[in-house]
Amino acid sequence: MTFLKRYKFLTTALLFMTFIATGLVSNAQVQVGNDLSEVDYSFPREYEIGGITVTGVQYVDPAVVVMLSGLNVGMTVKVPGDKITNAIKKLWEQGLFEDIQITYTQKVAGKIFLNIDMKERPRISKFSFKGFKKSEAEDVRKKINITRGDVATEHTYNKTERIIKNYFADKGYLNAEVKIASVPDTTMNNYVSLIISVDKKHKVRIGEIVINNNEVLSDLQVRSAMKDTKRRGKFDPLRPLGATVVNTVWDLITLKPVEAETELIEYVTEYVRPRIFKASRFNKDNYEVDKELIIKKYNEKGYRDAKIVRDSVYVMDDKNIGIALDISEGDKYYFGKITWVGNTKYDTATLNKVLGIRKGDVYNQDLLEKNLTYTEGGYDISSLYMDDGYLFFRVEPVEVRVENDTIDLEMRMVEGDQATIKRVTVKGNTKTNDKIIVREMYTRPGQLYSRSDIIRTVRELSALQYFNAEKLLPDIQPDPSDGTVDINYIVEETPNDQVELSAGWGYNRLMLSLGLNLNNVSLRNVFKKDAWKPIPAGDGQKLSFRIQTYGTTYINYGVTFTEPWLGGKKPNALTVSFYHSTYRNNRTSVTGYFMQTGVSVGIGTRLKWPDDYFTLYNGINLIQYQLDNYKTIFNFGTGNGNFNLIGYNITFGRNSTSNPIYPRFGSEFVLSLELTPPYSLFNDVDYKAKYPDEDEREDAMFHWVEFHKWKFKAAIYTELADKLVLMTRARFGLLGYYNPDIGITPFQRFCLGGDGLTGAYNFDGRELIGMRGYANNSLTPNYTVNDNQGGNVFAKYTMELRYPLSLNPSATIYALTFVEAGNCWLGFDKFNPFDLYRSAGMGVRIYLPMFGMLGLDWGYGFDKVPGVTDAAGSQFHFSIGGSID
């Protein structure tokens, strides 16, 4: 082989190897002239590019191709040379072409004319799914983000496959196989249709979690520390319940409430929550977070050197994987001496008291951070300063000495200057007027900055239920140069008007209920045409209408209006209501009716003492009951006549719940008293002597209805774990009398049992108290279909464990399990707080802004009701607006 031929061979081979190394040469070629023998590889010649043409492209602009190549007319190039080779590399890197060739068409007087001939990759015309559920296909369609006209590159295929595999892996299908097939589209030139197929295989669960080398924390405690990585199992809460009860009771007896709470949390986390609310699927990102939570659990116990030295995820079979964790617990540490540096406003004793940590306490890094920065109750060091304007306050705990098992800390503080609020603004309110939002704010320009005031403002704005509580955030913009701060509350409006529509069938009658609640109306704009969009809104006033029918027997309608800020300057809420109901007796040969007409007016106000979570309501109720031939149904008096009620109502309450729809912490207490004038104590009438007939005597005694009615409700919400909430509630009611000769009024009594929905049987002003696991009103004294006047004392206790399935404001959903106990008595002598009917069950609550709170519960009543065979046992209940609560 001659030298020239060897040189040509080696040069060509080197060029080929270079293309292979860059991954660009499989289909790219460089041809210079039609006769290669005209090119002398030993002596490349320089040419000036006289012109560049582009052929073979359909969708890419030729000018763009030339620009991407880096070549341009007038450029000097060597043939052969690096500039042409690099031009092909640059074009290939775009991923748009399958084949690239650069040739010359002619050489004239030192100029060369080039042609870039290309074959474009096909483009995607459409894609379809195979093996996907409809919902899965919709989710994946959004994630892969493929649109018509995208180039069908290997990168597109690989990215799409990766996204789909990750999507199904998050659902537990770790072995899913994805295939993408391209089929030429016969209707369009150089277009393909993609068929994306998936074989999900079996869902893979976490079969076991093995913990090694742990002594301080049990296997259960370590597994409970993990939030999302849970073992596969079945719901079996009764198996470990005995030990949990024994340990919890012992902790309470030995005055260890924290240990008792921990015992319950671990039981719920391990045996209840994952079996109901958490799937045992493996997610790598969640797994990494859960390993950090295990270390955090050890740190809370004082083991600050704890670490996971080794972990592995292994295949058990085609449906299960296992996890093994090797833990090094380290030594237990304690807090030593705590000193403060930089404090001038508060002395060391005050700071130590607020910090709540003493020398010798177990070293808990998480507790230290919380007590320095933020606690829900606001009793922490940062709140101490920031609630007094010290927005720029900073504190840093520094470990200054570690000796044996004791750690000394130095709290290095920068108090800074007090900050004054400069501007307070709101952004995002498209419906609610600014003044409605501003009047709920506890932060005002000119005030000192206060973190607790900001937190309270967020709570009050959430309580309006006009905005998305999960996205209601304050944007705090401090300006250290002048010691001021701007606060911008970012809100997102949500629909809050509600339509309630229900229907049912009972006692051979159709029951219908229709309600309309307008929660943010503006009456002052009623006569402004432009304000009807679709109704005048934005001033925070409330207007509700309701009508109920029960066949042709019962009809009830009413209207209520509330102005939450009467006068516009103080939160004095004026409420005015009107209602009317008629119940006709069509079940006997004698037709009669029971008619009720009422008006109520009341004013509620927020108090500043004992704190500003308290409210006070005062109201007047005017009601008239009209009976005509109603003795057979309402077993009272002659069944004829008018009975009048003038009542004064006072309600004292406190509500500090974190959220009105799904509260995670806080409490609610309400004490109310309604009383009428004691007419019988003033008129000096001997009813027995004046009215020998018992029926006429009852008519006369209650012509002016008299009573005093006490009610109390207390509810406490405790977040046991993230979003897992324990709600405990107690309710009591007492209907008393002034004159023992007259006794208990037949009106305004209590009826217990069932769903608590107001219906045809509240015609006499009775109050329906729901209790799951029992038929409607079945726990009422002397309960029969035709004679059920109610009781005058009731007690009800409820415990619920709640977990949200969705906190989206457009559809808040949470599941619950419950235990309840309660009873209703007629006569104070019959009252026995231990004589209770018991039930348990589960349910779901759905809050839709358009319909309010809807509920479906299944309950099982454990105790038989004398005389009512079907009252207990398995019962389903539907509720509206929290009626069953």
# chains A, B, ... in the order shown; residues from 1 in each chain; ligands from 1
call {"tool": "select_by_dssp", "arguments": {"residues": "stretch 379-542 of chain A", "states": "strand (DSSP E)", "output": "tab-separated table (two decimals) with C-alpha atoms, in the first residue's frame"}}
result
chain	number	residue	atom	x	y	z
A	394	ARG	CA	-32.13	35.94	66.24
A	395	VAL	CA	-30.89	33.27	68.63
A	396	GLU	CA	-28.36	30.56	67.95
A	397	PRO	CA	-27.68	27.71	70.40
A	398	VAL	CA	-23.99	26.78	70.46
A	399	GLU	CA	-22.58	23.70	72.15
A	400	VAL	CA	-19.66	25.11	74.10
A	401	ARG	CA	-18.71	21.99	76.06
A	402	VAL	CA	-19.42	18.29	75.80
A	403	GLU	CA	-18.17	16.33	78.78
A	406	THR	CA	-23.54	16.41	79.43
A	407	ILE	CA	-23.77	19.22	76.89
A	408	ASP	CA	-23.41	22.87	77.92
A	409	LEU	CA	-25.11	25.43	75.69
A	410	GLU	CA	-24.57	29.10	75.06
A	411	MET	CA	-27.54	30.98	73.59
A	412	ARG	CA	-26.10	33.71	71.41
A	413	MET	CA	-28.75	36.35	70.82
A	414	VAL	CA	-29.14	39.37	68.59
A	420	THR	CA	-43.08	49.04	63.19
A	421	ILE	CA	-45.69	47.93	60.67
A	422	LYS	CA	-45.56	50.31	57.71
A	423	ARG	CA	-48.11	48.89	55.27
A	424	VAL	CA	-50.70	46.12	55.46
A	425	THR	CA	-52.14	44.97	52.14
A	426	VAL	CA	-54.14	42.08	50.76
A	427	LYS	CA	-53.76	40.42	47.38
A	473	LEU	CA	-50.03	33.03	53.65
A	474	PRO	CA	-48.64	36.32	54.98
A	475	ASP	CA	-45.82	37.79	52.90
A	476	ILE	CA	-43.59	39.64	55.39
A	477	GLN	CA	-41.18	42.18	53.91
A	478	PRO	CA	-38.91	43.74	56.57
A	479	ASP	CA	-36.81	46.83	55.89
A	484	THR	CA	-40.29	48.93	59.36
A	485	VAL	CA	-42.10	45.95	57.89
A	486	ASP	CA	-44.72	45.53	55.17
A	487	ILE	CA	-47.23	42.70	55.51
A	488	ASN	CA	-49.11	41.42	52.48
A	489	TYR	CA	-51.76	38.74	53.02
A	490	ILE	CA	-52.06	36.55	49.93
A	498	GLN	CA	-74.15	26.56	49.46
A	499	VAL	CA	-77.14	24.71	48.10
A	500	GLU	CA	-78.57	21.94	50.27
A	501	LEU	CA	-80.88	19.46	48.58
A	502	SER	CA	-81.98	16.19	50.09
A	503	ALA	CA	-84.75	13.69	49.53
A	504	GLY	CA	-85.90	10.56	51.31
A	505	TRP	CA	-88.77	8.19	51.83
A	506	GLY	CA	-90.30	7.22	55.15
A	509	ARG	CA	-94.14	9.80	52.42
A	510	LEU	CA	-91.64	11.69	50.29
A	511	MET	CA	-89.37	14.00	52.30
A	512	LEU	CA	-87.76	16.94	50.51
A	513	SER	CA	-85.45	19.65	51.79
A	514	LEU	CA	-84.03	22.62	49.90
A	515	GLY	CA	-81.71	25.24	51.35
A	516	LEU	CA	-79.76	28.14	49.90
A	517	ASN	CA	-77.00	29.78	51.93
A	518	LEU	CA	-75.43	32.95	50.55
A	519	ASN	CA	-72.40	33.59	52.74
A	520	ASN	CA	-70.86	36.72	51.29
A	521	VAL	CA	-73.62	38.95	49.94
A	541	GLN	CA	-73.33	39.49	54.93
A	542	LYS	CA	-75.14	36.16	55.12
call {"tool": "select_by_dssp", "arguments": {"residues": "stretch 572-786 of chain A", "states": "helix (DSSP H, G or I)", "output": "list in words"}}
result
Tyr679, Ser680, Leu681, Phe682, Asn683, Tyr687, Lys688, Ala689, Lys690, Glu694, Asp695, Glu696, Arg697, Glu698, Asp699, Ala700, Met701, Ala760, Tyr761 and Asn762 of chain A
call {"tool": "atom_distance", "arguments": {"atom1": "atom CA of A:Val289", "atom2": "atom CA of A:Ser312"}}
result
15.1 Å
call {"tool": "residues_around", "arguments": {"residues": "A:Leu372", "least_positions_apart": "6", "cutoff": "8 Å", "atoms": "only C-alpha atoms", "output": "PyMOL selection string"}}
result
chain A and resi 355+380-382+395
call {"tool": "write_last_selection", "arguments": {"atoms": "C-alpha atoms", "output": "PDB file, in the first residue's frame"}}
result
ATOM      1  CA  LEU A 355     -37.296  27.949  77.361  1.00  0.00           C
ATOM      2  CA  ASP A 380     -41.260  30.231  73.087  1.00  0.00           C
ATOM      3  CA  ILE A 381     -38.279  32.560  73.051  1.00  0.00           C
ATOM      4  CA  SER A 382     -38.810  33.930  69.549  1.00  0.00           C
ATOM      5  CA  VAL A 395     -30.892  33.269  68.626  1.00  0.00           C
TER       6      VAL A 395
END
call {"tool": "residues_around", "arguments": {"residues": "A:Lys165", "least_positions_apart": "4", "cutoff": "8 Å", "atoms": "only C-alpha atoms", "output": "ChimeraX atom specification"}}
result
/A:161,169,174,176-178
call {"tool": "closest_residue", "arguments": {"among": "A:Pro660, A:Gly598, A:Pro534, A:Gly342", "to": "A:Tyr557", "atoms": "only C-alpha atoms"}}
result
A:Gly598
call {"tool": "residues_around", "arguments": {"residues": "stretch 664-680 of chain A", "least_positions_apart": "5", "cutoff": "6 Å", "atoms": "only C-alpha atoms", "output": "list of chain:residue names"}}
result
A:Ile646, A:Gly647, A:Tyr648, A:Asn649, A:Ile650, A:Thr651, A:Phe652, A:Gly653, A:Arg654, A:Asn655, A:Ser656, A:Thr657, A:Ser658, A:Glu706, A:Phe707, A:His708, A:Lys709, A:Trp710, A:Lys711, A:Phe712, A:Lys713, A:Ala714, A:Ala715, A:Ile716, A:Tyr717, A:Thr718, A:Glu719, A:Val725
call {"tool": "residues_around", "arguments": {"residues": "A:Arg121", "least_positions_apart": "2", "cutoff": "12 Å", "atoms": "only C-alpha atoms", "output": "PyMOL selection string"}}
result
chain A and resi 27+56-60+92+94-100+118-119+123-124+149-154+184+189-192
call {"tool": "write_last_selection", "arguments": {"atoms": "N, CA, C and O atoms", "output": "mmCIF file, in the first residue's frame"}}
result
data_model
loop_
_atom_site.group_PDB
_atom_site.id
_atom_site.type_symbol
_atom_site.label_atom_id
_atom_site.label_comp_id
_atom_site.auth_asym_id
_atom_site.auth_seq_id
_atom_site.Cartn_x
_atom_site.Cartn_y
_atom_site.Cartn_z
ATOM 1 N N ASN A 27 -25.110 7.981 10.917
ATOM 2 C CA ASN A 27 -25.740 8.235 9.628
ATOM 3 C C ASN A 27 -25.260 9.533 8.989
ATOM 4 O O ASN A 27 -25.859 10.009 8.028
ATOM 5 N N GLY A 56 -33.714 18.629 1.575
ATOM 6 C CA GLY A 56 -34.216 17.503 2.361
ATOM 7 C C GLY A 56 -35.012 17.882 3.584
ATOM 8 O O GLY A 56 -35.558 17.008 4.271
ATOM 9 N N VAL A 57 -35.102 19.179 3.911
ATOM 10 C CA VAL A 57 -35.843 19.574 5.113
ATOM 11 C C VAL A 57 -37.254 20.012 4.729
ATOM 12 O O VAL A 57 -37.469 20.596 3.658
ATOM 13 N N GLN A 58 -38.185 19.702 5.617
ATOM 14 C CA GLN A 58 -39.586 20.061 5.379
ATOM 15 C C GLN A 58 -40.123 21.001 6.445
ATOM 16 O O GLN A 58 -40.894 21.914 6.163
ATOM 17 N N TYR A 59 -39.700 20.805 7.702
ATOM 18 C CA TYR A 59 -40.272 21.563 8.812
ATOM 19 C C TYR A 59 -39.290 22.567 9.418
ATOM 20 O O TYR A 59 -39.693 23.453 10.148
ATOM 21 N N VAL A 60 -38.018 22.392 9.137
ATOM 22 C CA VAL A 60 -37.009 23.288 9.698
ATOM 23 C C VAL A 60 -36.635 24.329 8.652
ATOM 24 O O VAL A 60 -36.396 23.991 7.479
ATOM 25 N N TRP A 92 -26.038 17.548 14.272
ATOM 26 C CA TRP A 92 -26.449 16.263 14.849
ATOM 27 C C TRP A 92 -26.879 16.418 16.304
ATOM 28 O O TRP A 92 -27.796 15.738 16.778
ATOM 29 N N GLN A 94 -28.574 18.604 17.630
ATOM 30 C CA GLN A 94 -29.938 19.113 17.775
ATOM 31 C C GLN A 94 -30.952 17.984 17.947
ATOM 32 O O GLN A 94 -32.057 18.197 18.443
ATOM 33 N N GLY A 95 -30.583 16.770 17.518
ATOM 34 C CA GLY A 95 -31.482 15.621 17.668
ATOM 35 C C GLY A 95 -32.670 15.654 16.737
ATOM 36 O O GLY A 95 -33.638 14.920 16.956
ATOM 37 N N LEU A 96 -32.606 16.468 15.689
ATOM 38 C CA LEU A 96 -33.758 16.631 14.802
ATOM 39 C C LEU A 96 -33.626 15.840 13.505
ATOM 40 O O LEU A 96 -34.584 15.758 12.724
ATOM 41 N N PHE A 97 -32.426 15.241 13.262
ATOM 42 C CA PHE A 97 -32.175 14.664 11.954
ATOM 43 C C PHE A 97 -31.655 13.243 12.083
ATOM 44 O O PHE A 97 -30.936 12.893 13.018
ATOM 45 N N GLU A 98 -32.002 12.411 11.103
ATOM 46 C CA GLU A 98 -31.521 11.036 11.049
ATOM 47 C C GLU A 98 -30.264 10.904 10.187
ATOM 48 O O GLU A 98 -29.461 9.990 10.394
ATOM 49 N N ASP A 99 -30.116 11.761 9.198
ATOM 50 C CA ASP A 99 -28.988 11.658 8.274
ATOM 51 C C ASP A 99 -28.563 13.074 7.861
ATOM 52 O O ASP A 99 -29.426 13.926 7.606
ATOM 53 N N ILE A 100 -27.252 13.304 7.835
ATOM 54 C CA ILE A 100 -26.724 14.613 7.462
ATOM 55 C C ILE A 100 -25.553 14.402 6.501
ATOM 56 O O ILE A 100 -24.614 13.644 6.809
ATOM 57 N N MET A 118 -30.181 16.780 4.272
ATOM 58 C CA MET A 118 -30.586 16.236 5.566
ATOM 59 C C MET A 118 -31.859 15.407 5.432
ATOM 60 O O MET A 118 -32.688 15.654 4.560
ATOM 61 N N LYS A 119 -31.963 14.475 6.338
ATOM 62 C CA LYS A 119 -33.213 13.723 6.474
ATOM 63 C C LYS A 119 -33.740 13.964 7.889
ATOM 64 O O LYS A 119 -33.078 13.617 8.872
ATOM 65 N N ARG A 123 -41.963 13.204 13.135
ATOM 66 C CA ARG A 123 -42.620 13.940 14.202
ATOM 67 C C ARG A 123 -43.839 13.181 14.690
ATOM 68 O O ARG A 123 -44.377 12.318 13.988
ATOM 69 N N ILE A 124 -44.264 13.516 15.924
ATOM 70 C CA ILE A 124 -45.362 12.783 16.568
ATOM 71 C C ILE A 124 -46.683 13.441 16.196
ATOM 72 O O ILE A 124 -46.872 14.646 16.411
ATOM 73 N N GLY A 149 -46.516 17.374 16.895
ATOM 74 C CA GLY A 149 -45.426 18.075 16.229
ATOM 75 C C GLY A 149 -44.088 17.907 16.913
ATOM 76 O O GLY A 149 -43.056 18.312 16.351
ATOM 77 N N ASP A 150 -44.057 17.321 18.114
ATOM 78 C CA ASP A 150 -42.778 17.039 18.766
ATOM 79 C C ASP A 150 -41.965 16.051 17.939
ATOM 80 O O ASP A 150 -42.521 15.120 17.321
ATOM 81 N N VAL A 151 -40.650 16.206 17.942
ATOM 82 C CA VAL A 151 -39.778 15.305 17.200
ATOM 83 C C VAL A 151 -39.650 13.985 17.955
ATOM 84 O O VAL A 151 -39.445 13.959 19.171
ATOM 85 N N ALA A 152 -39.766 12.874 17.229
ATOM 86 C CA ALA A 152 -39.707 11.546 17.848
ATOM 87 C C ALA A 152 -38.254 11.127 17.985
ATOM 88 O O ALA A 152 -37.701 10.419 17.128
ATOM 89 N N THR A 153 -37.614 11.562 19.058
ATOM 90 C CA THR A 153 -36.210 11.243 19.309
ATOM 91 C C THR A 153 -36.097 10.162 20.370
ATOM 92 O O THR A 153 -37.047 9.880 21.115
ATOM 93 N N GLU A 154 -34.900 9.579 20.444
ATOM 94 C CA GLU A 154 -34.651 8.599 21.492
ATOM 95 C C GLU A 154 -34.774 9.229 22.863
ATOM 96 O O GLU A 154 -35.225 8.596 23.818
ATOM 97 N N PRO A 184 -45.911 4.499 11.492
ATOM 98 C CA PRO A 184 -46.029 5.604 10.523
ATOM 99 C C PRO A 184 -47.481 6.043 10.359
ATOM 100 O O PRO A 184 -48.396 5.218 10.267
ATOM 101 N N ASN A 189 -47.084 13.065 5.988
ATOM 102 C CA ASN A 189 -45.735 12.700 5.582
ATOM 103 C C ASN A 189 -44.756 12.876 6.733
ATOM 104 O O ASN A 189 -44.725 13.923 7.389
ATOM 105 N N ASN A 190 -43.959 11.829 6.988
ATOM 106 C CA ASN A 190 -42.909 11.830 8.008
ATOM 107 C C ASN A 190 -43.462 12.099 9.413
ATOM 108 O O ASN A 190 -42.830 12.749 10.229
ATOM 109 N N TYR A 191 -44.626 11.567 9.712
ATOM 110 C CA TYR A 191 -45.226 11.624 11.043
ATOM 111 C C TYR A 191 -45.462 10.194 11.538
ATOM 112 O O TYR A 191 -45.701 9.281 10.738
ATOM 113 N N VAL A 192 -45.390 10.010 12.846
ATOM 114 C CA VAL A 192 -45.642 8.698 13.439
ATOM 115 C C VAL A 192 -46.646 8.830 14.577
ATOM 116 O O VAL A 192 -46.774 9.897 15.191
#
call {"tool": "atom_distance", "arguments": {"atom1": "atom CA of A:Gly841", "atom2": "atom CA of A:Gln789"}}
result
28.5 Å
call {"tool": "atom_distance", "arguments": {"atom1": "atom CA of A:Leu368", "atom2": "atom CA of A:Ile338"}}
result
11.5 Å
call {"tool": "closest_residue", "arguments": {"among": "A:Asn572, A:Ser197, A:Asn371, A:Thr103", "to": "A:Lys353", "atoms": "only C-alpha atoms"}}
result
A:Asn371
call {"tool": "residues_around", "arguments": {"residues": "A:Met67", "least_positions_apart": "2", "cutoff": "12 Å", "atoms": "only C-alpha atoms", "output": "PyMOL selection string"}}
result
chain A and resi 52-54+60-65+69-73+87+90-91+116
call {"tool": "closest_residue", "arguments": {"among": "A:Tyr737, A:Tyr847, A:Trp340, A:Tyr837", "to": "A:Ala811", "atoms": "only C-alpha atoms"}}
result
A:Tyr847
call {"tool": "closest_residue", "arguments": {"among": "A:Thr186, A:Ser810, A:Ser280, A:Asn823", "to": "A:Tyr466", "atoms": "only C-alpha atoms"}}
result
A:Ser810
